[in-house]
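Participant: Below is the file query_12.tsv, with TSV, C-alpha atoms and all ligand atoms.
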chain	number	residue	atom	x	y	z
A	224	MET	CA	4.36	12.67	-15.65
A	225	LYS	CA	2.60	9.41	-16.45
A	226	SER	CA	-0.04	8.01	-14.11
A	227	THR	CA	2.01	4.85	-13.59
A	228	GLN	CA	4.92	7.01	-12.43
A	229	VAL	CA	2.73	8.40	-9.62
A	230	LEU	CA	1.88	4.85	-8.58
A	231	LYS	CA	5.53	3.75	-8.75
A	232	GLU	CA	6.54	6.60	-6.47
A	233	GLU	CA	3.85	5.49	-4.03
A	234	HIS	CA	5.34	1.98	-4.19
A	235	GLY	CA	8.62	3.56	-3.05
A	236	GLY	CA	6.88	4.96	0.03
A	237	ILE	CA	5.09	1.70	0.70
A	238	LYS	CA	8.40	-0.22	0.60
A	239	ILE	CA	9.89	2.19	3.15
A	240	MET	CA	6.94	1.59	5.47
A	241	LEU	CA	7.27	-2.18	5.01
A	242	GLY	CA	10.90	-1.88	6.11
A	243	ILE	CA	9.74	-0.02	9.24
A	244	LEU	CA	7.15	-2.72	9.91
A	245	ARG	CA	9.83	-5.41	9.51
A	246	THR	CA	12.07	-3.72	12.08
A	247	ALA	CA	9.10	-3.38	14.45
A	248	CYS	CA	8.44	-7.15	14.06
A	249	ASP	CA	12.11	-8.01	14.69
A	250	ARG	CA	11.98	-5.99	17.91
A	251	LEU	CA	8.71	-7.52	19.06
A	252	GLU	CA	10.01	-11.03	18.42
A	253	SER	CA	13.18	-10.37	20.37
A	254	GLY	CA	11.08	-9.22	23.32
A	255	GLN	CA	11.65	-5.48	22.96
A	256	ALA	CA	8.78	-3.08	23.49
A	257	VAL	CA	7.23	-1.30	20.52
A	258	PRO	CA	4.91	1.59	21.44
A	259	GLY	CA	1.26	0.94	20.61
A	260	THR	CA	1.03	4.37	19.04
A	261	ASP	CA	3.72	3.42	16.51
A	262	LEU	CA	1.86	0.25	15.55
A	263	GLU	CA	-1.33	2.29	15.21
A	264	ARG	CA	0.38	4.81	12.97
A	265	ILE	CA	1.87	2.09	10.77
A	266	LEU	CA	-1.57	0.49	10.48
A	267	GLU	CA	-3.17	3.84	9.66
A	268	PHE	CA	-0.65	4.19	6.81
A	269	LEU	CA	-1.44	0.69	5.52
A	270	LYS	CA	-5.19	1.24	5.71
A	271	VAL	CA	-5.35	4.77	4.35
A	272	PHE	CA	-2.28	5.42	2.19
A	273	VAL	CA	-1.91	1.90	0.80
A	274	ASP	CA	-5.48	0.67	0.64
A	275	ARG	CA	-7.83	3.63	0.50
A	276	CYS	CA	-5.55	5.72	-1.69
A	277	HIS	CA	-3.11	3.61	-3.72
A	278	HIS	CA	-5.23	0.50	-4.24
A	279	ALA	CA	-8.29	2.63	-4.98
A	280	LYS	CA	-6.40	4.44	-7.75
A	281	GLU	CA	-5.59	1.06	-9.27
A	282	GLU	CA	-8.92	-0.68	-8.72
A	283	ASP	CA	-11.28	2.15	-9.54
A	284	PHE	CA	-9.37	3.88	-12.33
A	285	LEU	CA	-6.23	2.23	-13.73
A	286	PHE	CA	-7.56	-1.34	-14.00
A	287	PRO	CA	-10.91	-0.29	-15.57
A	288	ALA	CA	-8.99	1.89	-18.07
A	289	LEU	CA	-6.90	-1.16	-18.99
A	290	GLU	CA	-10.01	-3.30	-19.32
A	291	ARG	CA	-11.44	-0.77	-21.75
A	292	THR	CA	-8.42	-1.37	-24.00
A	293	GLY	CA	-9.42	-5.03	-24.20
A	294	ILE	CA	-7.31	-6.57	-21.42
A	295	PRO	CA	-9.62	-8.99	-19.59
A	296	ARG	CA	-10.10	-8.81	-15.83
A	297	GLU	CA	-10.28	-12.56	-15.34
A	298	GLY	CA	-7.42	-14.90	-16.16
A	299	GLY	CA	-4.76	-12.22	-16.40
A	300	PRO	CA	-2.64	-9.85	-14.32
A	301	ILE	CA	-5.58	-7.56	-13.37
A	302	GLY	CA	-7.45	-10.46	-11.73
A	303	VAL	CA	-4.29	-11.53	-9.88
A	304	MET	CA	-3.65	-7.97	-8.62
A	305	LEU	CA	-7.25	-7.65	-7.39
A	306	SER	CA	-7.11	-10.93	-5.48
A	307	GLU	CA	-3.82	-9.87	-3.88
A	308	HIS	CA	-5.41	-6.60	-2.72
A	309	VAL	CA	-8.13	-8.70	-1.03
A	310	LYS	CA	-5.52	-10.92	0.64
A	311	GLY	CA	-3.68	-7.81	1.83
A	312	ARG	CA	-6.84	-6.56	3.54
A	313	GLU	CA	-7.13	-9.86	5.43
A	314	PHE	CA	-3.58	-9.51	6.72
A	315	ILE	CA	-4.29	-5.91	7.77
A	316	ARG	CA	-7.37	-7.09	9.67
A	317	GLY	CA	-5.23	-9.68	11.45
A	318	MET	CA	-2.67	-7.04	12.43
A	319	SER	CA	-5.39	-4.64	13.64
A	320	ASP	CA	-6.96	-7.31	15.83
A	321	THR	CA	-3.67	-8.16	17.54
A	322	ALA	CA	-1.82	-4.81	17.70
A	323	GLU	CA	-3.19	-3.79	21.08
A	324	GLY	CA	-2.21	-7.02	22.84
A	325	CYS	CA	1.13	-6.78	21.14
A	326	SER	CA	1.97	-3.41	22.60
A	327	LYS	CA	1.03	-4.74	26.05
A	328	GLY	CA	3.64	-7.46	25.69
A	329	ASP	CA	1.17	-10.35	25.23
A	330	ARG	CA	3.35	-13.05	23.63
A	331	ALA	CA	0.46	-14.79	21.85
A	332	ALA	CA	-0.56	-11.46	20.32
A	333	VAL	CA	3.04	-10.79	19.27
A	334	GLU	CA	3.17	-14.16	17.55
A	335	LYS	CA	-0.06	-13.51	15.67
A	336	PHE	CA	0.75	-9.92	14.79
A	337	THR	CA	4.18	-10.75	13.38
A	338	PHE	CA	2.70	-13.67	11.42
A	339	TYR	CA	0.22	-11.34	9.70
A	340	ALA	CA	2.73	-8.52	9.30
A	341	ARG	CA	5.37	-10.75	7.72
A	342	GLY	CA	2.77	-12.35	5.45
A	343	TYR	CA	1.58	-8.91	4.40
A	344	THR	CA	5.12	-7.68	3.73
A	345	GLU	CA	5.99	-10.67	1.59
A	346	LEU	CA	2.72	-10.44	-0.34
A	347	LEU	CA	3.02	-6.73	-0.98
A	348	LEU	CA	6.68	-6.77	-2.03
A	349	GLU	CA	5.96	-9.42	-4.65
A	350	HIS	CA	2.79	-7.59	-5.68
A	351	ILE	CA	4.66	-4.33	-6.17
A	352	GLU	CA	7.31	-6.05	-8.24
A	353	LYS	CA	4.67	-7.58	-10.51
A	354	GLU	CA	3.02	-4.21	-11.02
A	355	ASP	CA	6.29	-2.38	-11.63
A	356	GLU	CA	7.62	-5.04	-14.00
A	357	ILE	CA	4.51	-6.31	-15.78
A	358	LEU	CA	1.30	-4.39	-15.24
A	359	TYR	CA	2.51	-0.79	-15.37
A	360	PRO	CA	4.61	-1.31	-18.53
A	361	MET	CA	1.47	-2.89	-20.01
A	362	ALA	CA	-0.48	0.23	-19.05
A	363	ASP	CA	2.20	2.48	-20.54
A	364	SER	CA	1.94	0.75	-23.87
A	365	HIS	CA	-1.88	0.50	-23.95
A	366	LEU	CA	-3.10	3.84	-22.61
A	367	ASP	CA	-3.00	6.91	-24.81
A	368	ASP	CA	-2.08	10.38	-23.53
A	369	LEU	CA	-5.66	11.56	-23.18
A	370	VAL	CA	-6.67	8.58	-21.04
A	371	ASP	CA	-3.50	9.01	-19.01
A	372	ARG	CA	-4.22	12.67	-18.32
A	373	LYS	CA	-7.74	11.75	-17.23
A	374	LEU	CA	-6.28	9.16	-14.85
A	375	MET	CA	-4.04	11.80	-13.30
A	376	GLU	CA	-7.09	13.98	-12.61
A	377	GLU	CA	-8.93	11.06	-11.08
A	378	PHE	CA	-5.93	10.24	-8.88
A	379	GLU	CA	-5.96	13.83	-7.58
A	380	ARG	CA	-9.64	13.47	-6.79
A	381	VAL	CA	-9.04	10.24	-4.85
A	382	GLU	CA	-6.52	12.10	-2.71
A	383	GLU	CA	-8.76	15.09	-2.09
A	384	GLU	CA	-12.05	13.28	-1.57
A	385	ARG	CA	-11.20	9.91	-0.04
A	386	VAL	CA	-7.99	10.59	1.81
A	387	GLY	CA	-8.33	14.26	2.63
A	388	HIS	CA	-6.49	17.45	1.77
A	389	GLY	CA	-2.87	17.47	2.94
A	390	LYS	CA	-3.03	13.91	4.22
A	391	HIS	CA	-0.60	12.62	1.61
A	392	GLU	CA	2.11	15.01	2.82
A	393	GLU	CA	1.27	14.09	6.40
A	394	PHE	CA	1.96	10.43	5.62
A	395	HIS	CA	5.31	11.32	4.13
A	396	ARG	CA	6.24	13.16	7.31
A	397	LEU	CA	5.10	10.20	9.39
A	398	MET	CA	7.28	7.92	7.30
A	399	GLU	CA	10.35	10.08	7.79
A	400	GLU	CA	9.72	10.27	11.51
A	401	LEU	CA	9.28	6.51	11.94
A	402	GLN	CA	12.31	5.84	9.76
A	403	LYS	CA	14.50	7.58	12.33
A	404	SER	CA	13.50	5.19	15.12
A	405	TYR	CA	13.07	2.04	13.01
A	406	ARG	CA	16.22	1.65	11.06
A	407	GLY	CA	16.72	-2.00	10.08
B	501	FE	FE	-1.88	-3.16	-6.53
B	502	FE	FE	0.37	-0.81	-6.58
Would you mind giving the structure from this file in C-alpha cells?

Facilitator:
Amino acid sequence: MKSTQVLKEEHGGIKIMLGILRTACDRLESGQAVPGTDLERILEFLKVFVDRCHHAKEEDFLFPALERTGIPREGGPIGVMLSEHVKGREFIRGMSDTAEGCSKGDRAAVEKFTFYARGYTELLLEHIEKEDEILYPMADSHLDDLVDRKLMEEFERVEEERVGHGKHEEFHRLMEELQKSYRG
C-alpha cells in the first residue's frame, strides 16, 4: 500500500466524524440536548486522531519528503496545507472553549460552538479534497518506492509513539458508536 493511501483512508474516517459533528450542531441549534461526553469524545478525535496523528504524518514526514524532491514549501500547495492545519487548530480551540457551556444549554455557548464547528467542517472538507485531488497525486508521482516505504514506517512510529498503542482502533470503535446515535 502507498503512504498516500493510508492518509486517504484516514480522510474517510475524518469525514465520518465531521458528519457526526454536523448532526450534533443541528441538534444543538434546534435546542436539543447533546451530552457533554459526546462533545468531549468528538473533540478528542479531532485533537488526537486528526491533528496529532494525521496532520503530524503530513507535516513531519510527507511534506518534508515532497520538499526534498524540489517542491517548494512557500507559494505552493504545501504552504497552503500547512496554513489550513493552523486555521483548523484555531477552530478546535474555539470548540474546546465553548463545549462545556454548550452541553449545559447555554445559548451563547451553543452559538459560538456551532460557529467554530461549522467553520472547521467546511475548512477540513475542502482541505481533504485538495489533498486527495492535488497533493497526494503529486506525491504519488514524485516519491519513489524506497521513500514511500520509509514513510510507511514513520507513519507507524507516529501511531505508536505519539498516539499510543491500540488508540487508532479505539478511535474507529468510537466513530462507529457515535455514528449510531448521530445519523444525519
Ligand atoms: Fe492536511
Ligand atoms: Fe490530510

Participant: So which residues are near ligand FE 501 (chain B), meaning at most 8 Å away with all atoms listed in the file counted, given back as a PyMOL selection string?

Facilitator: chain A and resi 277-278+281-282+304-305+307-308+350-351+354

Participant: Based on the selection just made, write C-alpha atoms of those residues as a CSV table (one decimal), in the frame of the given file.

Facilitator:
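Saved result, selection.csv, follows:
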chain,number,residue,atom,x,y,z
A,277,HIS,CA,-3.1,3.6,-3.7
A,278,HIS,CA,-5.2,0.5,-4.2
A,281,GLU,CA,-5.6,1.1,-9.3
A,282,GLU,CA,-8.9,-0.7,-8.7
A,304,MET,CA,-3.6,-8.0,-8.6
A,305,LEU,CA,-7.2,-7.6,-7.4
A,307,GLU,CA,-3.8,-9.9,-3.9
A,308,HIS,CA,-5.4,-6.6,-2.7
A,350,HIS,CA,2.8,-7.6,-5.7
A,351,ILE,CA,4.7,-4.3,-6.2
A,354,GLU,CA,3.0,-4.2,-11.0

Participant: Could you check which of A:Gly324, A:Pro287, A:Gly242, A:Gly311 is closest to A:Gly259, using all atoms listed in the file?

Facilitator: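 Residue with the minimum atom-to-atom distance to A:Gly259: A:Gly324.
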
Participant: Considering all atoms listed in the file, state which residue in the set A:Lys373, A:Arg296, A:Lys327, A:Arg406 is at the smallest distance from A:Ser226.

Facilitator: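 Smallest distance to A:Ser226 is found for A:Lys373.
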
Participant: Quote the spacing between atom CA of A:Arg275 and atom CA of A:Thr344 in Å to one decimal place.

Facilitator: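 Taking atom CA of A:Arg275 and atom CA of A:Thr344, their separation equals 17.5 Å.
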
Participant: Nearest residue to ligand FE 502 (chain B) out of A:Arg312, A:Lys231, A:Lys403, A:Arg245, using only C-alpha atoms and all ligand atoms?

Facilitator: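 Among the listed residues, A:Lys231 lies closest to ligand FE 502 (chain B).
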
Participant: For atom CA of A:Lys280 and atom CA of A:Phe378, quote the distance in Å rounded to one decimal.

Facilitator: 5.9 Å

Participant: Which polymer residues have any atom within 8 Å of an atom of stretch 379-396 of chain A, counting only C-alpha atoms, with same-chain residues fewer than 4 positions away left out, as a short mmCIF file (atom, residue, chain, number, x, y, z; two decimals) with C-alpha atoms, keeping the file's coordinate frame?

Facilitator:
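Output saved as around-v4.cif:
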data_model
loop_
_atom_site.label_atom_id
_atom_site.label_comp_id
_atom_site.auth_asym_id
_atom_site.auth_seq_id
_atom_site.Cartn_x
_atom_site.Cartn_y
_atom_site.Cartn_z
CA GLY A 236 6.88 4.96 0.03
CA PHE A 268 -0.65 4.19 6.81
CA VAL A 271 -5.35 4.77 4.35
CA PHE A 272 -2.28 5.42 2.19
CA ARG A 275 -7.83 3.63 0.50
CA CYS A 276 -5.55 5.72 -1.69
CA ALA A 279 -8.29 2.63 -4.98
CA LYS A 280 -6.40 4.44 -7.75
CA MET A 375 -4.04 11.80 -13.30
CA GLU A 400 9.72 10.27 11.51
#

Participant: What's around A:Lys335 at 8 Å? Count all atoms listed in the file, leave out sequence neighbours fewer than 6 positions away in its own chain, and write the answer as a list of chain:residue names.

Facilitator: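 After dropping sequence-adjacent residues, the list is A:Gly317, A:Met318, A:Thr321.
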
Participant: Using atom CA of A:Glu399 and atom CA of A:Leu347 as the two end points, give the distance in Å to one decimal.

Facilitator: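 Interatomic distance, atom CA of A:Glu399 to atom CA of A:Leu347: 20.3 Å.
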
Participant: Taking only C-alpha atoms into account, which of A:Leu397, A:Val257, A:Leu289, A:Leu244 comes nearest A:Phe338?

Facilitator: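 When distances to A:Phe338 are compared using only C-alpha atoms, the smallest one comes from A:Leu244.
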
Participant: I want to know what sits within 9 Å of A:Leu269, based on only C-alpha atoms, with residues of the same chain fewer than 6 positions away left out; could you give that as a list in words?

Facilitator: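 In the requested format, the answer is Ile237, Met240, Arg275 and Ile315 of chain A.
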
Participant: So that I can see what lies close to stretch 363-366 of chain A, please list as number ranges by chain the residues with an atom at most 9 Å from it, counting only C-alpha atoms and leaving out residues fewer than 2 positions away in the same chain.

Facilitator: A: 225-227, 288-289, 292, 358-361, 368-371

Participant: How would the residues just chosen look if you wrote them out with C-alpha atoms as a compact mmCIF listing (two decimals), in the coordinates of the input?

Facilitator:
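selection.txt was written with the following content:
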# COMPACT_ATOMS: atom_id res chain seq x y z
CA LYS A 225 2.60 9.41 -16.45
CA SER A 226 -0.04 8.01 -14.11
CA THR A 227 2.01 4.85 -13.59
CA ALA A 288 -8.99 1.89 -18.07
CA LEU A 289 -6.90 -1.16 -18.99
CA THR A 292 -8.42 -1.37 -24.00
CA LEU A 358 1.30 -4.39 -15.24
CA TYR A 359 2.51 -0.79 -15.37
CA PRO A 360 4.61 -1.31 -18.53
CA MET A 361 1.47 -2.89 -20.01
CA ASP A 368 -2.08 10.38 -23.53
CA LEU A 369 -5.66 11.56 -23.18
CA VAL A 370 -6.67 8.58 -21.04
CA ASP A 371 -3.50 9.01 -19.01

Participant: May I have the residues within 12 Å of A:Thr246 as a list in words, using only C-alpha atoms and disregarding those fewer than 5 positions away in the same chain?

Facilitator: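 Those residues are Ile239, Met240, Leu241, Leu251, Glu252, Ser253, Gln255, Ala256, Val257, Asp261, Leu262, Ile265, Thr337, Ala340, Arg341, Thr344, Leu401, Gln402, Lys403, Ser404, Tyr405, Arg406 and Gly407 of chain A.
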
Participant: Taking only C-alpha atoms and all ligand atoms into account, which of A:Leu348, A:Leu266, A:Leu230, A:Met398 comes nearest ligand FE 502 (chain B)?

Facilitator: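 Ranked by minimum distance to ligand FE 502 (chain B), first place goes to A:Leu230.
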
Participant: Using only C-alpha atoms, find the one residue out of A:Pro300, A:Arg250, A:Pro258, A:Ser306 that sits nearest to A:Glu356.

Facilitator: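 Selected residue with least distance to A:Glu356: A:Pro300.
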